[in-house]
Each structure stands twice: as C-alpha cells, then as structure tokens.
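*Asks:* Next comes the structure file upload19.cif, holding mmCIF, C-alpha atoms.
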```
data_entry
loop_
_atom_site.group_PDB
_atom_site.id
_atom_site.type_symbol
_atom_site.label_atom_id
_atom_site.label_comp_id
_atom_site.auth_asym_id
_atom_site.auth_seq_id
_atom_site.Cartn_x
_atom_site.Cartn_y
_atom_site.Cartn_z
ATOM 1 C CA MET A 205 49.509 138.725 102.379
ATOM 2 C CA LEU A 206 47.234 141.638 101.501
ATOM 3 C CA LEU A 207 45.927 144.425 103.701
ATOM 4 C CA LEU A 208 42.410 145.346 102.530
ATOM 5 C CA VAL A 209 41.371 148.623 104.144
ATOM 6 C CA GLY A 210 37.855 150.020 104.138
ATOM 7 C CA LEU A 211 37.588 153.718 104.900
ATOM 8 C CA GLY A 212 34.791 155.208 106.949
ATOM 9 C CA ASN A 213 33.910 156.704 110.298
ATOM 10 C CA PRO A 214 33.258 154.469 113.324
ATOM 11 C CA GLY A 215 29.985 154.201 115.202
ATOM 12 C CA SER A 216 26.337 153.615 114.424
ATOM 13 C CA ARG A 217 25.767 157.325 113.761
ATOM 14 C CA TYR A 218 27.856 157.037 110.560
ATOM 15 C CA SER A 219 27.186 153.436 109.517
ATOM 16 C CA GLY A 220 24.852 154.280 106.613
ATOM 17 C CA ASN A 221 26.801 157.352 105.408
ATOM 18 C CA ARG A 222 28.075 157.630 101.854
ATOM 19 C CA HIS A 223 31.539 158.263 103.338
ATOM 20 C CA ASN A 224 31.374 154.735 104.841
ATOM 21 C CA ILE A 225 31.042 152.752 101.619
ATOM 22 C CA GLY A 226 34.620 151.533 102.166
ATOM 23 C CA PHE A 227 33.540 149.948 105.472
ATOM 24 C CA MET A 228 30.533 148.453 103.673
ATOM 25 C CA ALA A 229 32.785 146.859 101.028
ATOM 26 C CA VAL A 230 35.096 145.146 103.542
ATOM 27 C CA ASP A 231 32.064 144.076 105.614
ATOM 28 C CA ALA A 232 30.704 142.401 102.452
ATOM 29 C CA MET A 233 34.032 140.571 102.012
ATOM 30 C CA ALA A 234 33.990 139.447 105.652
ATOM 31 C CA ARG A 235 30.476 138.018 105.170
ATOM 32 C CA ALA A 236 31.227 136.409 101.799
ATOM 33 C CA PHE A 237 34.364 134.683 103.070
ATOM 34 C CA ARG A 238 32.888 133.821 106.503
ATOM 35 C CA ALA A 239 35.598 135.710 108.356
ATOM 36 C CA PRO A 240 35.959 135.268 112.110
ATOM 37 C CA PRO A 241 34.478 138.038 114.296
ATOM 38 C CA TRP A 242 36.096 141.457 114.075
ATOM 39 C CA LYS A 243 38.705 142.215 116.779
ATOM 40 C CA ARG A 244 39.947 145.585 117.995
ATOM 41 C CA LYS A 245 43.572 146.060 117.057
ATOM 42 C CA PHE A 246 45.790 148.655 115.333
ATOM 43 C CA SER A 247 43.462 151.567 116.135
ATOM 44 C CA GLY A 248 40.736 149.771 114.249
ATOM 45 C CA GLU A 249 38.884 146.515 113.755
ATOM 46 C CA ILE A 250 40.470 143.595 111.926
ATOM 47 C CA THR A 251 39.584 140.151 110.708
ATOM 48 C CA GLU A 252 41.165 137.781 108.215
ATOM 49 C CA ILE A 253 40.068 135.941 105.081
ATOM 50 C CA ALA A 254 41.653 133.546 102.592
ATOM 51 C CA LEU A 255 41.739 134.668 98.964
ATOM 52 C CA GLY A 256 42.750 131.533 97.129
ATOM 53 C CA THR A 257 46.144 130.648 98.567
ATOM 54 C CA ASP A 258 46.711 134.170 99.922
ATOM 55 C CA ARG A 259 45.841 135.573 103.330
ATOM 56 C CA ALA A 260 44.167 138.948 103.526
ATOM 57 C CA ILE A 261 43.758 141.122 106.592
ATOM 58 C CA LEU A 262 40.602 143.249 106.521
ATOM 59 C CA LEU A 263 40.942 146.537 108.410
ATOM 60 C CA LYS A 264 38.405 149.202 109.326
ATOM 61 C CA PRO A 265 40.249 152.121 110.987
ATOM 62 C CA GLU A 266 38.402 153.485 114.021
ATOM 63 C CA THR A 267 40.357 156.719 114.093
ATOM 64 C CA TYR A 268 37.807 158.650 112.040
ATOM 65 C CA MET A 269 38.506 159.340 108.400
ATOM 66 C CA ASN A 270 41.091 162.091 108.881
ATOM 67 C CA GLU A 271 43.439 159.810 110.861
ATOM 68 C CA SER A 272 43.019 156.574 108.845
ATOM 69 C CA GLY A 273 46.736 156.381 108.099
ATOM 70 C CA LYS A 274 47.534 155.651 111.750
ATOM 71 C CA ALA A 275 45.674 152.326 111.692
ATOM 72 C CA VAL A 276 47.028 151.401 108.251
ATOM 73 C CA ALA A 277 50.638 152.147 109.278
ATOM 74 C CA GLU A 278 50.281 150.085 112.501
ATOM 75 C CA ALA A 279 48.881 147.064 110.640
ATOM 76 C CA MET A 280 51.488 147.307 107.869
ATOM 77 C CA ARG A 281 54.333 147.342 110.398
ATOM 78 C CA PHE A 282 52.953 144.470 112.477
ATOM 79 C CA PHE A 283 52.281 142.146 109.522
ATOM 80 C CA LYS A 284 55.285 143.419 107.492
ATOM 81 C CA ILE A 285 53.031 144.172 104.530
ATOM 82 C CA PRO A 286 54.612 146.257 101.764
ATOM 83 C CA LEU A 287 52.722 149.255 100.431
ATOM 84 C CA ALA A 288 52.219 147.465 97.088
ATOM 85 C CA ASP A 289 50.030 144.917 98.930
ATOM 86 C CA VAL A 290 47.732 147.499 100.514
ATOM 87 C CA VAL A 291 44.327 148.014 98.861
ATOM 88 C CA VAL A 292 42.132 150.865 100.113
ATOM 89 C CA PHE A 293 38.377 150.981 99.432
ATOM 90 C CA HIS A 294 36.898 154.476 99.594
ATOM 91 C CA ASP A 295 34.052 156.699 98.472
ATOM 92 C CA GLU A 296 34.616 158.706 95.306
ATOM 93 C CA LEU A 297 32.602 161.840 94.554
ATOM 94 C CA ASP A 298 33.994 162.151 91.041
ATOM 95 C CA LEU A 299 32.530 158.827 89.892
ATOM 96 C CA ALA A 300 28.863 158.283 89.140
ATOM 97 C CA ARG A 301 27.089 156.263 91.793
ATOM 98 C CA GLY A 302 27.622 152.540 91.402
ATOM 99 C CA LYS A 303 30.747 152.943 89.256
ATOM 100 C CA MET A 304 34.166 151.677 90.333
ATOM 101 C CA ARG A 305 37.737 152.346 89.280
ATOM 102 C CA ILE A 306 40.980 150.917 90.608
ATOM 103 C CA LYS A 307 44.368 152.555 90.374
ATOM 104 C CA THR A 308 47.753 152.599 92.063
ATOM 105 C CA GLY A 309 49.001 155.876 93.490
ATOM 106 C CA GLY A 310 47.877 159.238 92.238
ATOM 107 C CA GLY A 311 46.396 162.239 93.958
ATOM 108 C CA ASN A 312 44.097 162.237 96.953
ATOM 109 C CA ALA A 313 41.393 164.408 95.316
ATOM 110 C CA GLY A 314 40.629 166.118 98.633
ATOM 111 C CA HIS A 315 39.880 162.804 100.382
ATOM 112 C CA ASN A 316 41.163 163.136 103.949
ATOM 113 C CA GLY A 317 41.402 159.384 104.520
ATOM 114 C CA LEU A 318 43.674 158.972 101.508
ATOM 115 C CA ARG A 319 45.661 162.050 102.507
ATOM 116 C CA SER A 320 46.312 160.550 105.955
ATOM 117 C CA ILE A 321 47.394 157.169 104.540
ATOM 118 C CA THR A 322 49.676 158.817 101.994
ATOM 119 C CA ALA A 323 51.267 161.045 104.660
ATOM 120 C CA LEU A 324 52.045 158.140 107.015
ATOM 121 C CA CYS A 325 52.595 155.202 104.645
ATOM 122 C CA GLY A 326 53.458 156.496 101.178
ATOM 123 C CA ASN A 327 51.469 156.957 97.994
ATOM 124 C CA ASP A 328 51.900 153.791 95.929
ATOM 125 C CA TYR A 329 49.039 151.697 97.294
ATOM 126 C CA ARG A 330 46.045 150.482 95.289
ATOM 127 C CA ARG A 331 42.815 152.443 95.586
ATOM 128 C CA VAL A 332 39.396 151.012 94.828
ATOM 129 C CA ARG A 333 37.328 154.104 94.124
ATOM 130 C CA LEU A 334 33.637 153.419 94.798
ATOM 131 C CA GLY A 335 31.450 155.986 93.069
ATOM 132 C CA ILE A 336 28.851 157.745 95.197
ATOM 133 C CA GLY A 337 28.103 160.578 92.782
ATOM 134 C CA HIS A 338 28.373 164.298 93.459
ATOM 135 C CA PRO A 339 25.715 166.598 94.934
ATOM 136 C CA GLY A 340 26.370 169.099 92.118
ATOM 137 C CA ASP A 341 27.640 171.954 94.285
ATOM 138 C CA LYS A 342 30.978 171.982 96.103
ATOM 139 C CA ALA A 343 29.336 173.711 99.076
ATOM 140 C CA LEU A 344 27.090 170.667 99.589
ATOM 141 C CA VAL A 345 29.855 168.021 99.579
ATOM 142 C CA HIS A 346 30.468 167.857 103.357
ATOM 143 C CA HIS A 347 26.791 167.284 104.161
ATOM 144 C CA PHE A 348 26.403 164.893 101.220
ATOM 145 C CA VAL A 349 29.203 162.495 102.210
ATOM 146 C CA LEU A 350 28.138 162.517 105.871
ATOM 147 C CA SER A 351 24.500 161.748 105.064
ATOM 148 C CA ASP A 352 23.055 158.258 104.680
ATOM 149 C CA PHE A 353 22.395 156.644 101.352
ATOM 150 C CA ASP A 354 18.759 157.163 100.392
ATOM 151 C CA ARG A 355 16.401 154.201 100.452
ATOM 152 C CA ASP A 356 16.343 154.065 96.643
ATOM 153 C CA GLU A 357 20.169 153.851 96.566
ATOM 154 C CA ARG A 358 20.505 150.813 98.807
ATOM 155 C CA ASP A 359 20.049 148.233 96.033
ATOM 156 C CA TRP A 360 23.000 149.482 93.990
ATOM 157 C CA VAL A 361 25.161 149.979 97.120
ATOM 158 C CA GLU A 362 24.558 146.361 98.168
ATOM 159 C CA ALA A 363 25.123 145.129 94.588
ATOM 160 C CA LEU A 364 28.414 147.046 94.325
ATOM 161 C CA CYS A 365 29.703 145.748 97.674
ATOM 162 C CA ARG A 366 28.641 142.198 96.764
ATOM 163 C CA ALA A 367 30.434 142.453 93.395
ATOM 164 C CA VAL A 368 33.597 143.666 95.162
ATOM 165 C CA ALA A 369 33.432 140.674 97.524
ATOM 166 C CA ASP A 370 32.637 138.194 94.755
ATOM 167 C CA ASN A 371 35.717 139.265 92.795
ATOM 168 C CA ALA A 372 38.161 139.989 95.631
ATOM 169 C CA ALA A 373 40.384 137.009 94.740
ATOM 170 C CA LEU A 374 41.449 138.940 91.624
ATOM 171 C CA LEU A 375 43.037 141.535 93.912
ATOM 172 C CA ALA A 376 45.297 138.860 95.395
ATOM 173 C CA GLU A 377 46.264 137.889 91.839
ATOM 174 C CA LYS A 378 46.971 141.574 91.116
ATOM 175 C CA ASN A 379 44.598 141.300 88.182
ATOM 176 C CA ASP A 380 43.151 144.772 88.687
ATOM 177 C CA SER A 381 41.862 145.197 85.140
ATOM 178 C CA GLU A 382 39.782 142.003 85.310
ATOM 179 C CA PHE A 383 38.555 142.981 88.801
ATOM 180 C CA GLN A 384 37.354 146.297 87.400
ATOM 181 C CA ASN A 385 35.813 144.692 84.286
ATOM 182 C CA ARG A 386 33.836 142.127 86.284
ATOM 183 C CA ILE A 387 32.443 144.771 88.598
ATOM 184 C CA HIS A 388 31.450 146.920 85.647
ATOM 185 C CA ARG A 389 29.587 143.966 84.137
ATOM 186 C CA ALA A 390 27.899 143.168 87.460
ATOM 187 C CA MET A 391 26.793 146.783 87.868
ATOM 188 C CA ASP A 392 25.672 147.365 84.269
ATOM 189 C CA GLY A 393 22.491 149.430 84.485
ATOM 190 C CA LEU A 394 22.513 149.734 88.297
ATOM 191 C CA GLY A 395 23.201 152.919 90.207
ATOM 192 C CA GLU A 396 22.564 155.280 87.317
#
```
Represent the supplied structure as structure tokens.

*Replies:*
Amino acid sequence: MLLLVGLGNPGSRYSGNRHNIGFMAVDAMARAFRAPPWKRKFSGEITEIALGTDRAILLKPETYMNESGKAVAEAMRFFKIPLADVVVFHDELDLARGKMRIKTGGGNAGHNGLRSITALCGNDYRRVRLGIGHPGDKALVHHFVLSDFDRDERDWVEALCRAVADNAALLAEKNDSEFQNRIHRAMDGLGE
C-alpha cells in the first residue's frame, strides 16, 4: 500500500495558490481513478484508489503546510505504511514551471511542509517536486507561493497534474525514472 500525500493549505482562500499544487496533483489522481468522496481523517482528508494491484491512500493534510507531518505520521501509523512507501507531491521553486523531478530523501530546501514530515516521520520518503518557477528575488518568495496561478499558467498546471495522474501506476511499481520520463514527454514545450 502507498500513501500519496499532496501538500498545500486547506480552504478555498488557498485553493488556487502555487503552494497548493500538491493538493491539485492528488485531486487529479482522485478524479482519474474515480476515488470515493474525500473523508476527514488523520488531521486531513483521505480517499483511496487502486493502482494496478496496489492500494493507494491519497492524503491532503488540513494542518496547514507547516504542520503537514502530523497528518502524514497519523496515516502512516494507522495503515502501517513504511516510509519507503510514502510519496509526497509538493511545489518546487527551484524548478522551472511545468517541470517535475522525483527523488528519495535529500534536503528540504526551505520547504516547511517537507521539514515537518521529515521531523515527524523521517527523511527517506519519495518526493515529487512540481516546478512552479521562482519570482527572481528571495524577498518575493512568500507572496509568490501564496498567490494564485495566473490565468495563463492554468493550462500547464492542469497538464502537469493530469500527467501525474495518468502515470501514477508507475509509482506503485517503484519505477520512478519512467514516471519522470513520461511526465517530461507529456510536458514537452508546456509551462516554459
């Protein structure tokens, strides 16, 4: 069983924010796999999908970004999911918009959601880094991540989330390199 975690902030005020692209990715998976309605549990919202012969729990922490680890730790304990089977989808300033990278472990690069998960659960989980671009000045980062995607960005955001959903079964197979390659091909020329 996998735990697929989308990071973001709860509530309609934040729903279109760049910081919420992790929520958008797991929402796309829920739609693509016709998941049952979201339920409140583990300090978040959960639903379940089948990825081939594997079960996957989708989780959107409702603790706000800085406390995301609380929801992840609760779900891991309840379902007895090892850290190696946790995949976290999050916004990444250091990747061009529309780009995606996947890795296991590593630093948190100032991302408070990752920092919280690492502090409460450990560091060796898989991270799907969804590029949102950088505003160009460190002083503008806070406002940038908490602002909505612009109208002209919505096409690539939807395409990226759809590509993640379309290829999610590769995550269950632990075929991260093919997952990344297929998303790169799907996004070729978009987002730039």

*Asks:* Please provide the set of residues having any atom within 12 Å of Met205 (chain A), restricted to all atoms listed in the file, with same-chain residues fewer than 5 positions apart removed, written as a count of residues only.

*Replies:* 26

*Asks:* Quick one: pull the distance between CA of His338 (chain A) and CA of Leu299 (chain A), Å, one decimal.

*Replies:*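 Distance reported for this atom pair: 7.7 Å.
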
*Asks:* For the structure shown, which residues end up in the PyMOL selection byres ((chain A and resi 264) around 8)? Put them as a list in words, please?

*Replies:*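 With the PyMOL selection byres ((chain A and resi 264) around 8) on this model, the match is Val209, Gly210, Leu211, Gly212, Phe227, Val230, Gly248, Glu249, Ile250, Leu262, Leu263, Pro265 and Glu266 of chain A.
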
*Asks:* Nearest residue to Gly309 (chain A) out of A:Gly393, A:Gly215, A:Pro240, A:Gly326, using only C-alpha atoms?

*Replies:*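 That would be A:Gly326, the residue with the smallest distance to Gly309 (chain A).
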
*Asks:* Measure the distance from CA of Asp328 (chain A) to CA of Lys307 (chain A) in Å and round it to one decimal.

*Replies:*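 Spanning CA of Asp328 (chain A) to CA of Lys307 (chain A) is a straight-line distance of 9.4 Å.
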
*Asks:* For Cys325 (chain A), which of A:Arg281, A:Arg386, A:Arg238, A:His346 is the closest residue, counting all atoms listed in the file?

*Replies:*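 Of all the options, A:Arg281 lies closest to Cys325 (chain A).
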
*Asks:* If we count all atoms listed in the file and set the cut-off at 6 Å, which residues sit around region 348-363 of chain A, ignoring sequence neighbours fewer than 3 positions away in its own chain? Please answer as a ChimeraX atom specification.

*Replies:* /A:220-223,345,366,394-395

*Asks:* Using Å and a single decimal, report how far CA of Gly337 (chain A) sits from CA of Leu364 (chain A).

*Replies:*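 If I compute the distance from CA of Leu364 (chain A) to CA of Gly337 (chain A), I get 13.6 Å.
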
*Asks:* Residues picked by the PyMOL selection byres ((chain A and resi 294) around 8) here, as number ranges by chain?

*Replies:* A: 210-212, 223-226, 292-293, 295-296, 331-334

*Asks:* Measuring atom to atom with only C-alpha atoms, identify which of A:Arg235, A:Met304, A:His315, A:Pro214 is nearest to Thr267 (chain A).

*Replies:*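 Looking only at the distances to Thr267 (chain A), the closest residue turns out to be A:Pro214.
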
*Asks:* Name the residues that the PyMOL selection byres ((chain A and resi 370) around 10) picks from the file above, as an MDAnalysis selection string, using the file's chain letters and numbers.

*Replies:* chainID A and resid 232:233 236:237 364:369 371:374 383 386:387

*Asks:* Here is a test: counting only C-alpha atoms, which residue of A:Asn213, A:Asp341, A:Gly335, A:Asp392 is nearest to Arg301 (chain A)?

*Replies:*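 Looking only at the distances to Arg301 (chain A), the closest residue turns out to be A:Gly335.
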
*Asks:* Name the closest residue to Leu206 (chain A) among the candidates A:Ala390, A:Ser272, A:Glu278, A:Tyr329; distances are taken between atoms, counting only C-alpha atoms.

*Replies:*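 Among the listed residues, the smallest separation from Leu206 (chain A) belongs to A:Tyr329.
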
*Asks:* So, counting only C-alpha atoms, which residue among A:Asp298, A:Ser247, A:Arg330, A:Asn270 is closest to Asp380 (chain A)?

*Replies:*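 Closest to Asp380 (chain A), using only C-alpha atoms: A:Arg330.
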